[in-house]
file run-v5.pdb (PDB, C-alpha atoms)
ATOM      1  CA  MET A 236      66.339  68.618 173.542
ATOM      2  CA  THR A 237      68.582  69.867 176.334
ATOM      3  CA  VAL A 238      72.342  69.742 175.718
ATOM      4  CA  PRO A 239      75.067  71.542 177.742
ATOM      5  CA  THR A 240      76.081  74.764 175.979
ATOM      6  CA  GLU A 241      79.771  73.876 175.876
ATOM      7  CA  ILE A 242      79.142  70.792 173.715
ATOM      8  CA  SER A 243      76.151  71.979 171.698
ATOM      9  CA  THR A 244      78.120  72.811 168.553
ATOM     10  CA  LEU A 245      81.011  70.365 168.846
ATOM     11  CA  ARG A 246      81.625  67.835 166.099
ATOM     12  CA  HIS A 247      83.400  64.774 167.449
ATOM     13  CA  ALA A 248      85.982  62.801 165.500
ATOM     14  CA  ASP A 249      86.359  59.025 165.414
ATOM     15  CA  GLY A 250      83.438  58.041 167.557
ATOM     16  CA  LYS A 251      79.765  57.239 167.784
ATOM     17  CA  ARG A 252      76.992  58.587 169.966
ATOM     18  CA  ARG A 253      73.680  56.993 170.707
ATOM     19  CA  PHE A 254      70.499  59.041 171.012
ATOM     20  CA  LEU A 255      67.026  58.157 172.203
ATOM     21  CA  PHE A 256      63.627  59.734 171.527
ATOM     22  CA  GLU A 257      62.191  60.038 175.013
ATOM     23  CA  LYS A 258      58.526  59.998 173.952
ATOM     24  CA  MET A 259      58.691  57.591 171.015
ATOM     25  CA  ASP A 260      59.887  54.049 170.463
ATOM     26  CA  LEU A 261      62.827  55.241 168.385
ATOM     27  CA  ARG A 262      66.594  55.308 168.824
ATOM     28  CA  GLY A 263      69.564  56.285 166.720
ATOM     29  CA  GLU A 264      73.324  56.503 166.317
ATOM     30  CA  ILE A 265      75.603  59.159 164.848
ATOM     31  CA  VAL A 266      79.109  58.235 163.696
ATOM     32  CA  HIS A 267      82.008  60.458 162.585
ATOM     33  CA  LEU A 268      85.309  59.040 161.331
ATOM     34  CA  ASP A 269      88.339  61.220 160.588
ATOM     35  CA  ASN A 270      91.658  59.755 161.733
ATOM     36  CA  VAL A 271      90.342  56.246 161.143
ATOM     37  CA  ILE A 272      89.871  57.063 157.456
ATOM     38  CA  THR A 273      93.451  58.367 157.316
ATOM     39  CA  ASP A 274      94.761  55.250 159.052
ATOM     40  CA  VAL A 275      93.124  53.020 156.441
ATOM     41  CA  SER A 276      94.093  55.246 153.496
ATOM     42  CA  ASP A 277      97.749  55.421 154.592
ATOM     43  CA  ILE A 278      98.033  51.651 154.178
ATOM     44  CA  HIS A 279      96.579  51.530 150.666
ATOM     45  CA  SER A 280      96.516  54.267 148.047
ATOM     46  CA  TYR A 281      92.992  54.106 146.655
ATOM     47  CA  PRO A 282      91.454  56.204 143.873
ATOM     48  CA  THR A 283      89.180  59.014 145.080
ATOM     49  CA  GLY A 284      85.906  57.248 144.324
ATOM     50  CA  VAL A 285      87.051  54.087 146.091
ATOM     51  CA  SER A 286      88.213  56.062 149.157
ATOM     52  CA  ARG A 287      84.795  57.682 149.440
ATOM     53  CA  LEU A 288      83.076  54.341 149.092
ATOM     54  CA  LEU A 289      85.350  52.753 151.683
ATOM     55  CA  GLY A 290      84.490  55.561 154.108
ATOM     56  CA  GLU A 291      80.798  54.765 153.726
ATOM     57  CA  PHE A 292      81.426  51.060 154.304
ATOM     58  CA  LEU A 293      83.411  51.849 157.472
ATOM     59  CA  VAL A 294      80.666  54.083 158.859
ATOM     60  CA  ALA A 295      77.993  51.544 157.966
ATOM     61  CA  SER A 296      79.890  48.794 159.785
ATOM     62  CA  VAL A 297      80.075  50.919 162.950
ATOM     63  CA  LEU A 298      76.406  51.913 162.797
ATOM     64  CA  LEU A 299      75.256  48.333 162.289
ATOM     65  CA  ALA A 300      77.643  46.916 164.894
ATOM     66  CA  SER A 301      75.948  49.247 167.372
ATOM     67  CA  THR A 302      72.796  47.143 166.995
ATOM     68  CA  LEU A 303      74.524  43.970 168.234
ATOM     69  CA  LYS A 304      73.491  42.724 171.668
ATOM     70  CA  PHE A 305      76.542  40.491 172.148
ATOM     71  CA  ARG A 306      80.294  40.495 171.724
ATOM     72  CA  GLY A 307      81.542  39.757 168.241
ATOM     73  CA  SER A 308      81.973  41.531 164.924
ATOM     74  CA  LEU A 309      79.938  42.692 161.957
ATOM     75  CA  THR A 310      81.213  42.803 158.383
ATOM     76  CA  VAL A 311      79.716  44.756 155.488
ATOM     77  CA  GLN A 312      81.016  43.346 152.204
ATOM     78  CA  ALA A 313      80.153  43.803 148.542
ATOM     79  CA  ARG A 314      81.223  41.894 145.432
ATOM     80  CA  SER A 315      80.648  43.003 141.861
ATOM     81  CA  ASP A 316      81.911  42.663 138.312
ATOM     82  CA  ARG A 317      82.365  46.441 137.990
ATOM     83  CA  GLU A 318      85.418  48.556 138.908
ATOM     84  CA  VAL A 319      85.531  47.311 142.514
ATOM     85  CA  PRO A 320      85.496  43.490 142.621
ATOM     86  CA  LEU A 321      85.430  43.365 146.431
ATOM     87  CA  ILE A 322      85.140  45.907 149.219
ATOM     88  CA  MET A 323      84.557  45.266 152.903
ATOM     89  CA  ALA A 324      84.638  46.869 156.324
ATOM     90  CA  GLU A 325      84.541  45.169 159.695
ATOM     91  CA  CYS A 326      83.671  46.541 163.123
ATOM     92  CA  SER A 327      83.965  44.682 166.404
ATOM     93  CA  SER A 328      81.673  45.124 169.383
ATOM     94  CA  ASP A 329      84.393  47.223 171.038
ATOM     95  CA  LEU A 330      84.413  49.557 167.999
ATOM     96  CA  ALA A 331      87.695  48.509 166.404
ATOM     97  CA  VAL A 332      87.480  48.754 162.618
ATOM     98  CA  ARG A 333      89.409  47.704 159.545
ATOM     99  CA  ALA A 334      88.614  47.798 155.823
ATOM    100  CA  ILE A 335      89.921  46.970 152.375
ATOM    101  CA  ALA A 336      89.036  47.293 148.699
ATOM    102  CA  ARG A 337      90.541  44.497 146.609
ATOM    103  CA  GLY A 338      91.339  44.820 142.906
ATOM    104  CA  ALA A 339      90.192  48.458 142.796
ATOM    105  CA  GLU A 340      93.519  50.142 142.015
ATOM    106  CA  GLY A 341      92.451  50.988 138.462
ATOM    107  CA  ALA A 342      89.001  52.342 139.330
ATOM    108  CA  THR A 343      88.350  55.719 137.701
ATOM    109  CA  SER A 344      84.686  56.397 138.435
ATOM    110  CA  GLU A 345      83.082  58.077 141.439
ATOM    111  CA  SER A 346      79.652  56.675 140.624
ATOM    112  CA  PHE A 347      78.308  53.958 142.903
ATOM    113  CA  ASP A 348      76.795  52.033 139.991
ATOM    114  CA  ALA A 349      80.031  52.147 137.981
ATOM    115  CA  LEU A 350      82.034  51.012 141.000
ATOM    116  CA  LEU A 351      79.710  48.375 142.458
ATOM    117  CA  GLY A 352      76.371  48.355 140.652
ATOM    118  CA  GLY A 353      74.755  45.005 139.986
ATOM    119  CA  GLY A 354      76.722  43.264 142.702
ATOM    120  CA  GLN A 355      75.755  41.660 145.981
ATOM    121  CA  LEU A 356      75.846  43.044 149.499
ATOM    122  CA  VAL A 357      76.711  40.595 152.262
ATOM    123  CA  LEU A 358      76.255  41.296 155.969
ATOM    124  CA  THR A 359      78.046  38.839 158.251
ATOM    125  CA  ILE A 360      77.586  38.750 162.019
ATOM    126  CA  THR A 361      80.174  36.690 163.865
ATOM    127  CA  PRO A 362      79.579  36.297 167.608
ATOM    128  CA  GLU A 363      82.439  35.305 169.879
ATOM    129  CA  ARG A 364      80.205  32.463 170.982
ATOM    130  CA  GLY A 365      77.528  30.939 168.837
ATOM    131  CA  LYS A 366      76.713  30.537 165.181
ATOM    132  CA  GLN A 367      77.675  32.983 162.453
ATOM    133  CA  TYR A 368      74.807  34.683 160.603
ATOM    134  CA  GLN A 369      74.924  35.962 157.029
ATOM    135  CA  GLY A 370      72.432  37.971 154.976
ATOM    136  CA  ILE A 371      72.705  38.664 151.237
ATOM    137  CA  VAL A 372      70.831  41.236 149.113
ATOM    138  CA  PRO A 373      71.438  42.860 145.717
ATOM    139  CA  LEU A 374      73.148  46.247 145.579
ATOM    140  CA  THR A 375      70.296  48.537 144.599
ATOM    141  CA  GLY A 376      69.191  52.143 144.611
ATOM    142  CA  GLY A 377      72.482  53.668 143.516
ATOM    143  CA  SER A 378      74.032  53.813 146.982
ATOM    144  CA  LEU A 379      75.175  51.707 149.914
ATOM    145  CA  ALA A 380      72.575  53.328 152.182
ATOM    146  CA  SER A 381      69.750  52.398 149.794
ATOM    147  CA  SER A 382      71.033  48.839 149.553
ATOM    148  CA  LEU A 383      71.122  48.543 153.355
ATOM    149  CA  ASP A 384      67.627  50.030 153.635
ATOM    150  CA  SER A 385      66.455  47.362 151.185
ATOM    151  CA  TYR A 386      68.109  44.688 153.303
ATOM    152  CA  PHE A 387      66.281  45.774 156.455
ATOM    153  CA  SER A 388      62.963  46.188 154.647
ATOM    154  CA  GLN A 389      63.191  42.535 153.518
ATOM    155  CA  SER A 390      64.220  41.180 156.901
ATOM    156  CA  GLU A 391      62.067  40.537 159.934
ATOM    157  CA  GLN A 392      64.184  42.826 162.082
ATOM    158  CA  LEU A 393      63.193  46.202 163.502
ATOM    159  CA  GLN A 394      62.769  48.937 160.916
ATOM    160  CA  THR A 395      66.134  50.613 160.316
ATOM    161  CA  ARG A 396      67.192  53.535 158.111
ATOM    162  CA  LEU A 397      70.707  54.830 157.355
ATOM    163  CA  GLN A 398      72.206  58.039 155.991
ATOM    164  CA  LEU A 399      75.865  57.882 154.901
ATOM    165  CA  SER A 400      78.344  60.493 153.679
ATOM    166  CA  SER A 401      82.056  60.424 152.821
ATOM    167  CA  ASP A 402      84.454  62.761 151.030
ATOM    168  CA  GLY A 403      87.428  60.388 151.070
ATOM    169  CA  SER A 404      89.131  61.910 154.108
ATOM    170  CA  ARG A 405      86.130  62.052 156.448
ATOM    171  CA  ALA A 406      82.998  59.972 156.766
ATOM    172  CA  ALA A 407      79.810  60.192 158.803
ATOM    173  CA  GLY A 408      76.545  58.396 159.217
ATOM    174  CA  LEU A 409      73.153  58.481 160.911
ATOM    175  CA  LEU A 410      71.086  55.450 161.876
ATOM    176  CA  LEU A 411      67.453  55.436 162.953
ATOM    177  CA  GLN A 412      65.829  52.334 164.369
ATOM    178  CA  GLN A 413      62.347  51.589 165.618
ATOM    179  CA  LEU A 414      62.274  49.978 169.062
ATOM    180  CA  PRO A 415      59.901  47.286 170.303
ATOM    181  CA  THR A 416      56.532  48.598 171.447
ATOM    182  CA  GLN A 417      56.736  50.263 174.838
ATOM    183  CA  LEU A 418      55.663  53.914 174.752
ATOM    184  CA  GLU A 419      53.226  53.801 171.819
ATOM    185  CA  PRO A 420      51.010  50.692 171.508
ATOM    186  CA  ASN A 421      48.989  51.982 168.539
ATOM    187  CA  ALA A 422      50.412  50.520 165.317
ATOM    188  CA  ALA A 423      49.234  53.383 163.106
ATOM    189  CA  ALA A 424      50.730  55.986 165.432
ATOM    190  CA  ARG A 425      54.022  54.076 165.569
ATOM    191  CA  GLU A 426      54.155  53.975 161.786
ATOM    192  CA  GLU A 427      53.428  57.709 161.559
ATOM    193  CA  GLN A 428      56.209  58.490 164.035
ATOM    194  CA  TRP A 429      58.644  56.318 162.104
ATOM    195  CA  ASP A 430      57.739  57.814 158.740
ATOM    196  CA  ARG A 431      58.085  61.355 160.076
ATOM    197  CA  ALA A 432      61.470  60.678 161.677
ATOM    198  CA  CYS A 433      62.770  59.155 158.419
ATOM    199  CA  MET A 434      61.333  61.966 156.302
ATOM    200  CA  LEU A 435      63.115  64.589 158.407
ATOM    201  CA  ALA A 436      66.372  62.607 158.335
ATOM    202  CA  ALA A 437      66.163  62.531 154.533
ATOM    203  CA  THR A 438      66.359  66.347 154.470
ATOM    204  CA  LEU A 439      69.915  66.169 155.813
ATOM    205  CA  SER A 440      72.504  66.967 153.150
ATOM    206  CA  PRO A 441      75.764  64.974 152.862
ATOM    207  CA  GLU A 442      77.706  68.128 153.804
ATOM    208  CA  GLU A 443      75.606  68.690 156.940
ATOM    209  CA  LEU A 444      76.111  65.107 158.009
ATOM    210  CA  LEU A 445      79.888  65.491 157.655
ATOM    211  CA  GLN A 446      80.213  68.911 159.248
ATOM    212  CA  LEU A 447      77.608  69.395 161.978
ATOM    213  CA  GLY A 448      78.071  68.548 165.629
ATOM    214  CA  ASP A 449      75.768  65.848 166.932
ATOM    215  CA  ALA A 450      73.563  68.055 169.103
ATOM    216  CA  THR A 451      73.315  70.698 166.376
ATOM    217  CA  LEU A 452      72.361  68.071 163.814
ATOM    218  CA  LEU A 453      69.676  66.532 166.019
ATOM    219  CA  HIS A 454      68.255  69.934 166.933
ATOM    220  CA  ARG A 455      68.062  70.874 163.256
ATOM    221  CA  LEU A 456      66.161  67.686 162.439
ATOM    222  CA  TYR A 457      64.085  67.085 165.572
ATOM    223  CA  HIS A 458      63.844  70.353 167.497
ATOM    224  CA  GLU A 459      60.234  69.568 168.440
ATOM    225  CA  GLU A 460      61.183  66.261 170.063
ATOM    226  CA  VAL A 461      62.710  65.392 173.431
ATOM    227  CA  ILE A 462      65.963  63.556 172.726
ATOM    228  CA  ARG A 463      68.567  62.144 175.077
ATOM    229  CA  LEU A 464      72.093  62.227 173.644
ATOM    230  CA  PHE A 465      74.521  59.747 175.184
ATOM    231  CA  ASP A 466      78.269  60.012 175.736
ATOM    232  CA  LEU A 467      80.789  59.542 172.951
ATOM    233  CA  GLU A 468      82.227  56.058 172.376
ATOM    234  CA  ALA A 469      85.593  56.094 170.612
ATOM    235  CA  VAL A 470      86.115  54.241 167.314
ATOM    236  CA  ARG A 471      89.638  53.247 166.313
ATOM    237  CA  PHE A 472      91.472  51.411 163.568
ATOM    238  CA  ARG A 473      92.816  48.069 164.764
ATOM    239  CA  CYS A 474      93.523  45.012 162.691
ATOM    240  CA  SER A 475      92.535  41.656 164.151
ATOM    241  CA  CYS A 476      95.434  39.785 162.552
ATOM    242  CA  SER A 477      97.981  38.077 164.808
ATOM    243  CA  GLN A 478     100.838  35.592 164.745
ATOM    244  CA  ASP A 479      98.545  32.853 166.053
ATOM    245  CA  ARG A 480      95.765  33.499 163.545
ATOM    246  CA  THR A 481      98.251  33.613 160.687
ATOM    247  CA  PHE A 482      99.790  30.345 161.866
ATOM    248  CA  ALA A 483      96.318  28.786 161.904
ATOM    249  CA  ALA A 484      95.739  30.001 158.339
ATOM    250  CA  LEU A 485      98.948  28.286 157.241
ATOM    251  CA  ALA A 486      97.443  24.948 158.222
ATOM    252  CA  THR A 487      95.052  25.242 155.275
ATOM    253  CA  LEU A 488      97.959  25.163 152.815
ATOM    254  CA  GLY A 489      98.899  21.590 153.536
ATOM    255  CA  GLU A 490     102.257  20.104 154.493
ATOM    256  CA  ALA A 491     103.531  19.540 150.930
ATOM    257  CA  GLU A 492     102.942  23.146 149.892
ATOM    258  CA  ILE A 493     104.558  24.488 153.059
ATOM    259  CA  ARG A 494     107.645  22.355 152.461
ATOM    260  CA  ASP A 495     107.872  23.554 148.860
ATOM    261  CA  ILE A 496     107.768  27.198 149.999
ATOM    262  CA  ILE A 497     110.464  26.633 152.622
ATOM    263  CA  ALA A 498     112.666  24.830 150.115
ATOM    264  CA  GLU A 499     112.339  27.713 147.656
ATOM    265  CA  GLN A 500     112.337  30.739 149.968
ATOM    266  CA  GLY A 501     113.825  29.529 153.237
ATOM    267  CA  ALA A 502     110.729  30.587 155.179
ATOM    268  CA  VAL A 503     107.018  31.165 154.782
ATOM    269  CA  THR A 504     105.954  34.808 154.837
ATOM    270  CA  MET A 505     102.389  36.049 154.973
ATOM    271  CA  ASP A 506     101.294  39.683 154.737
ATOM    272  CA  CYS A 507      98.029  40.967 156.186
ATOM    273  CA  GLU A 508      96.217  42.811 153.412
ATOM    274  CA  PHE A 509      94.390  44.991 155.923
ATOM    275  CA  CYS A 510      97.377  46.450 157.790
ATOM    276  CA  ASN A 511     100.441  45.268 155.814
ATOM    277  CA  GLN A 512     101.847  43.494 158.866
ATOM    278  CA  ARG A 513     104.289  40.784 157.740
ATOM    279  CA  TYR A 514     104.527  37.450 159.534
ATOM    280  CA  MET A 515     107.491  35.142 158.903
ATOM    281  CA  PHE A 516     107.670  31.471 159.827
ATOM    282  CA  ARG A 517     110.845  29.457 159.520
ATOM    283  CA  GLU A 518     110.997  25.677 159.467
ATOM    284  CA  SER A 519     111.600  25.560 163.213
ATOM    285  CA  ASP A 520     108.406  27.580 163.766
ATOM    286  CA  LEU A 521     106.309  25.131 161.760
ATOM    287  CA  ARG A 522     107.104  21.807 163.423
ATOM    288  CA  GLY A 523     103.483  21.416 164.426
ATOM    289  CA  LEU A 524     102.384  21.621 160.802
ATOM    290  CA  LEU A 525     105.182  19.471 159.408
ATOM    291  CA  GLY A 526     103.999  16.208 160.812
ATOM    292  CA  SER A 527     107.079  14.134 160.032
ATOM    293  CA  GLY A 528     109.136  15.545 162.903
ATOM    294  CA  ASP A 529     112.478  17.306 163.161
ATOM    295  CA  ASN A 530     114.327  15.041 160.752
ATOM    296  CA  ALA A 531     111.795  15.238 157.919
ATOM    297  CA  PRO A 532     113.462  16.099 154.597
ATOM    298  CA  ILE A 533     112.797  19.416 152.904
ATOM    299  CA  HIS A 534     112.434  19.053 149.157
TER     300      HIS A 534
END
call {"tool": "encode", "arguments": {"input": "run-v5.pdb", "output": "structure tokens"}}
result
Amino acid sequence: MTVPTEISTLRHADGKRRFLFEKMDLRGEIVHLDNVITDVSDIHSYPTGVSRLLGEFLVASVLLASTLKFRGSLTVQARSDREVPLIMAECSSDLAVRAIARGAEGATSESFDALLGGGQLVLTITPERGKQYQGIVPLTGGSLASSLDSYFSQSEQLQTRLQLSSDGSRAAGLLLQQLPTQLEPNAAAREEQWDRACMLAATLSPEELLQLGDATLLHRLYHEEVIRLFDLEAVRFRCSCSQDRTFAALATLGEAEIRDIIAEQGAVTMDCEFCNQRYMFRESDLRGLLGSGDNAPIH
């Protein structure tokens, strides 16, 4: 693997880099998140174990969004009856992320099983055009990475393997994916290449994944292979809420409920739980939802 000397040991922050095995039908992604984790943590004060878990969900959403071939978003969400009732992270095709853990303020454990064990993992792909797709699998194997590996092993998609690591203030991840047959037509040889690549990836410690630069990490794992490492693509925190989307959500409340809120509070306010942005709508802003017109009574 040939990498310019000046970048050979650098560890990037808040971005992902694609890499390609030049002589095998294999590709991968490496993601590091630093400031993004801080941006999310500054909005909500989560317990340590939840912060680490949220970091893994954020990295997983970026890694999996990198497999999309169209514009849209991918959400990784889990529900359980343990210490974290709901946790989710979302990444768009332009690498904007957001995340939240709901009802987890009292979580005390740092164990995956105590936080989420026995729950369900839901992957939702939402294209800008076309039909939404959703896949559901049990949370298994004592980690998010194991649960995702189980999901891909049960699907008809290309073989995919993930490594995830988070310490609460930083997070990182590695994805390997087998490509359609092009360089190696022999099925047994393809399987051997895949197994070897995954076995070597499994030797990577969580600390190495967090700390090593991309080229250094790949050289340590695959120094016998020819690998092309692509340019960095920046990942950033950005909430997808807006005045228009919040207004549209108000329509689900119904006219009677909206009128009751206005009568009691003088306006309808809605807070985004992802970014804490507050949206306020007065009666004059809601004429389109209050179908009786300007002179309709407020009760």
call {"tool": "residues_around", "arguments": {"input": "run-v5.pdb", "residues": "A:Tyr457", "least_positions_apart": "4", "cutoff": "9 Å", "atoms": "all atoms listed in the file", "output": "VMD selection string"}}
result
chain A and resid 236 432 435 to 436 452 to 453 461 to 462
call {"tool": "closest_residue", "arguments": {"input": "run-v5.pdb", "among": "A:Ala339, A:Val372, A:Leu268, A:Leu289", "to": "A:Ala407", "atoms": "all atoms listed in the file"}}
result
A:Leu268
call {"tool": "atom_distance", "arguments": {"input": "run-v5.pdb", "atom1": "atom CA of A:Ser401", "atom2": "atom CA of A:Gly290"}}
result
5.6 Å
call {"tool": "axis_aligned_box", "arguments": {"input": "run-v5.pdb", "around": "stretch 301-316 of chain A", "padding_each_side": "6 Å", "output": "JSON"}}
result
{"center_x": 77.4, "center_y": 44.5, "center_z": 155.2, "size_x": 21.2, "size_y": 21.5, "size_z": 45.8}
call {"tool": "resolve_selection", "arguments": {"input": "run-v5.pdb", "expression": "the PyMOL selection byres ((chain A and resi 469) around 9)", "output": "short mmCIF file (atom, residue, chain, number, x, y, z; two decimals) with C-alpha atoms, in the coordinates of the input"}}
result
data_model
loop_
_atom_site.label_atom_id
_atom_site.label_comp_id
_atom_site.auth_asym_id
_atom_site.auth_seq_id
_atom_site.Cartn_x
_atom_site.Cartn_y
_atom_site.Cartn_z
CA ALA A 248 85.98 62.80 165.50
CA ASP A 249 86.36 59.02 165.41
CA GLY A 250 83.44 58.04 167.56
CA LYS A 251 79.76 57.24 167.78
CA ARG A 252 76.99 58.59 169.97
CA ASP A 329 84.39 47.22 171.04
CA LEU A 330 84.41 49.56 168.00
CA ALA A 331 87.70 48.51 166.40
CA LEU A 467 80.79 59.54 172.95
CA GLU A 468 82.23 56.06 172.38
CA VAL A 470 86.12 54.24 167.31
CA ARG A 471 89.64 53.25 166.31
#
call {"tool": "residues_near_point", "arguments": {"input": "run-v5.pdb", "point": "(83.8, 43.7, 153.6)", "cutoff": "6 Å", "atoms": "only C-alpha atoms", "output": "list of chain:residue names"}}
result
A:Thr310, A:Val311, A:Gln312, A:Ile322, A:Met323, A:Ala324
call {"tool": "residues_around", "arguments": {"input": "run-v5.pdb", "residues": "A:Ala295", "least_positions_apart": "2", "cutoff": "9 Å", "atoms": "all atoms listed in the file", "output": "list in words"}}
result
Val266, Gly290, Glu291, Phe292, Leu293, Val297, Leu298, Leu299, Ala300, Val311, Ala324, Leu379, Ala380, Leu383, Leu397, Gln398, Leu399, Ala407, Gly408, Leu409 and Leu410 of chain A
call {"tool": "closest_residue", "arguments": {"input": "run-v5.pdb", "among": "A:Ile496, A:Leu411, A:Leu524, A:Cys433", "to": "A:Leu261", "atoms": "all atoms listed in the file"}}
result
A:Leu411
call {"tool": "resolve_selection", "arguments": {"input": "run-v5.pdb", "expression": "the PyMOL selection byres ((chain A and resi 355) around 8)", "output": "mmCIF file with C-alpha atoms, in the frame of the given file"}}
result
data_model
loop_
_atom_site.group_PDB
_atom_site.id
_atom_site.type_symbol
_atom_site.label_atom_id
_atom_site.label_comp_id
_atom_site.auth_asym_id
_atom_site.auth_seq_id
_atom_site.Cartn_x
_atom_site.Cartn_y
_atom_site.Cartn_z
ATOM 1 C CA ALA A 313 80.153 43.803 148.542
ATOM 2 C CA ARG A 314 81.223 41.894 145.432
ATOM 3 C CA SER A 315 80.648 43.003 141.861
ATOM 4 C CA GLY A 353 74.755 45.005 139.986
ATOM 5 C CA GLY A 354 76.722 43.264 142.702
ATOM 6 C CA LEU A 356 75.846 43.044 149.499
ATOM 7 C CA VAL A 357 76.711 40.595 152.262
ATOM 8 C CA ILE A 371 72.705 38.664 151.237
ATOM 9 C CA VAL A 372 70.831 41.236 149.113
ATOM 10 C CA PRO A 373 71.438 42.860 145.717
ATOM 11 C CA LEU A 374 73.148 46.247 145.579
#
call {"tool": "atom_distance", "arguments": {"input": "run-v5.pdb", "atom1": "atom CA of A:Ala422", "atom2": "atom CA of A:Leu393"}}
result
13.6 Å
call {"tool": "atom_distance", "arguments": {"input": "run-v5.pdb", "atom1": "atom CA of A:Leu351", "atom2": "atom CA of A:Gly377"}}
result
9.0 Å
call {"tool": "closest_residue", "arguments": {"input": "run-v5.pdb", "among": "A:Pro420, A:Gly341, A:Gly370, A:Pro362", "to": "A:Ser280", "atoms": "only C-alpha atoms"}}
result
A:Gly341
call {"tool": "residues_around", "arguments": {"input": "run-v5.pdb", "residues": "stretch 274-279 of chain A", "least_positions_apart": "5", "cutoff": "10 Å", "atoms": "only C-alpha atoms", "output": "MDAnalysis selection string"}}
result
chainID A and resid 269 286 289:290 293 332:336 340 403:404 471:473 508:511
call {"tool": "residues_around", "arguments": {"input": "run-v5.pdb", "residues": "A:Met259", "least_positions_apart": "3", "cutoff": "10 Å", "atoms": "all atoms listed in the file", "output": "list of chain:residue names"}}
result
A:Leu255, A:Phe256, A:Arg262, A:Gln413, A:Leu414, A:Thr416, A:Gln417, A:Leu418, A:Glu419, A:Ala424, A:Arg425, A:Gln428, A:Trp429, A:Glu460, A:Val461, A:Ile462
call {"tool": "closest_residue", "arguments": {"input": "run-v5.pdb", "among": "A:Gln394, A:Asn270, A:Thr487, A:Thr481", "to": "A:Gln512", "atoms": "only C-alpha atoms"}}
result
A:Thr481
call {"tool": "residues_around", "arguments": {"input": "run-v5.pdb", "residues": "A:Phe347", "least_positions_apart": "6", "cutoff": "10 Å", "atoms": "all atoms listed in the file", "output": "list in words"}}
result
Gly284, Val285, Arg287, Leu288, Arg317, Glu318, Val319, Leu374, Thr375, Gly376, Gly377, Ser378 and Leu379 of chain A
call {"tool": "write_last_selection", "arguments": {"input": "run-v5.pdb", "atoms": "C-alpha atoms", "output": "PDB file, keeping the file's coordinate frame"}}
result
ATOM      1  CA  GLY A 284      85.906  57.248 144.324  1.00  0.00           C
ATOM      2  CA  VAL A 285      87.051  54.087 146.091  1.00  0.00           C
ATOM      3  CA  ARG A 287      84.795  57.682 149.440  1.00  0.00           C
ATOM      4  CA  LEU A 288      83.076  54.341 149.092  1.00  0.00           C
ATOM      5  CA  ARG A 317      82.365  46.441 137.990  1.00  0.00           C
ATOM      6  CA  GLU A 318      85.418  48.556 138.908  1.00  0.00           C
ATOM      7  CA  VAL A 319      85.531  47.311 142.514  1.00  0.00           C
ATOM      8  CA  LEU A 374      73.148  46.247 145.579  1.00  0.00           C
ATOM      9  CA  THR A 375      70.296  48.537 144.599  1.00  0.00           C
ATOM     10  CA  GLY A 376      69.191  52.143 144.611  1.00  0.00           C
ATOM     11  CA  GLY A 377      72.482  53.668 143.516  1.00  0.00           C
ATOM     12  CA  SER A 378      74.032  53.813 146.982  1.00  0.00           C
ATOM     13  CA  LEU A 379      75.175  51.707 149.914  1.00  0.00           C
TER      14      LEU A 379
END
call {"tool": "resolve_selection", "arguments": {"input": "run-v5.pdb", "expression": "the PyMOL selection byres ((chain A and resi 360) around 6)", "output": "PDB file with C-alpha atoms, keeping the file's coordinate frame"}}
result
ATOM      1  CA  SER A 308      81.973  41.531 164.924  1.00  0.00           C
ATOM      2  CA  LEU A 309      79.938  42.692 161.957  1.00  0.00           C
ATOM      3  CA  THR A 359      78.046  38.839 158.251  1.00  0.00           C
ATOM      4  CA  THR A 361      80.174  36.690 163.865  1.00  0.00           C
ATOM      5  CA  GLN A 367      77.675  32.983 162.453  1.00  0.00           C
ATOM      6  CA  TYR A 368      74.807  34.683 160.603  1.00  0.00           C
TER       7      TYR A 368
END
call {"tool": "build_atoms", "arguments": {"input": "run-v5.pdb", "residues": "stretch 463-468 of chain A", "atoms": "N, CA, C and O atoms", "output": "CSV table (one decimal), in the frame of the given file"}}
result
chain,number,residue,atom,x,y,z
A,463,ARG,N,67.4,62.3,174.2
A,463,ARG,CA,68.6,62.1,175.1
A,463,ARG,C,69.8,61.7,174.3
A,463,ARG,O,69.8,60.7,173.6
A,464,LEU,N,70.9,62.5,174.4
A,464,LEU,CA,72.1,62.2,173.6
A,464,LEU,C,73.1,61.6,174.6
A,464,LEU,O,73.5,62.3,175.6
A,465,PHE,N,73.6,60.5,174.3
A,465,PHE,CA,74.5,59.7,175.2
A,465,PHE,C,76.0,60.1,174.9
A,465,PHE,O,76.3,60.8,174.0
A,466,ASP,N,76.9,59.7,175.8
A,466,ASP,CA,78.3,60.0,175.7
A,466,ASP,C,78.9,59.4,174.5
A,466,ASP,O,78.5,58.4,174.0
A,467,LEU,N,80.0,60.0,174.1
A,467,LEU,CA,80.8,59.5,173.0
A,467,LEU,C,81.5,58.2,173.3
A,467,LEU,O,82.1,58.0,174.3
A,468,GLU,N,81.5,57.3,172.3
A,468,GLU,CA,82.2,56.1,172.4
A,468,GLU,C,83.3,56.1,171.3
A,468,GLU,O,82.9,56.3,170.1
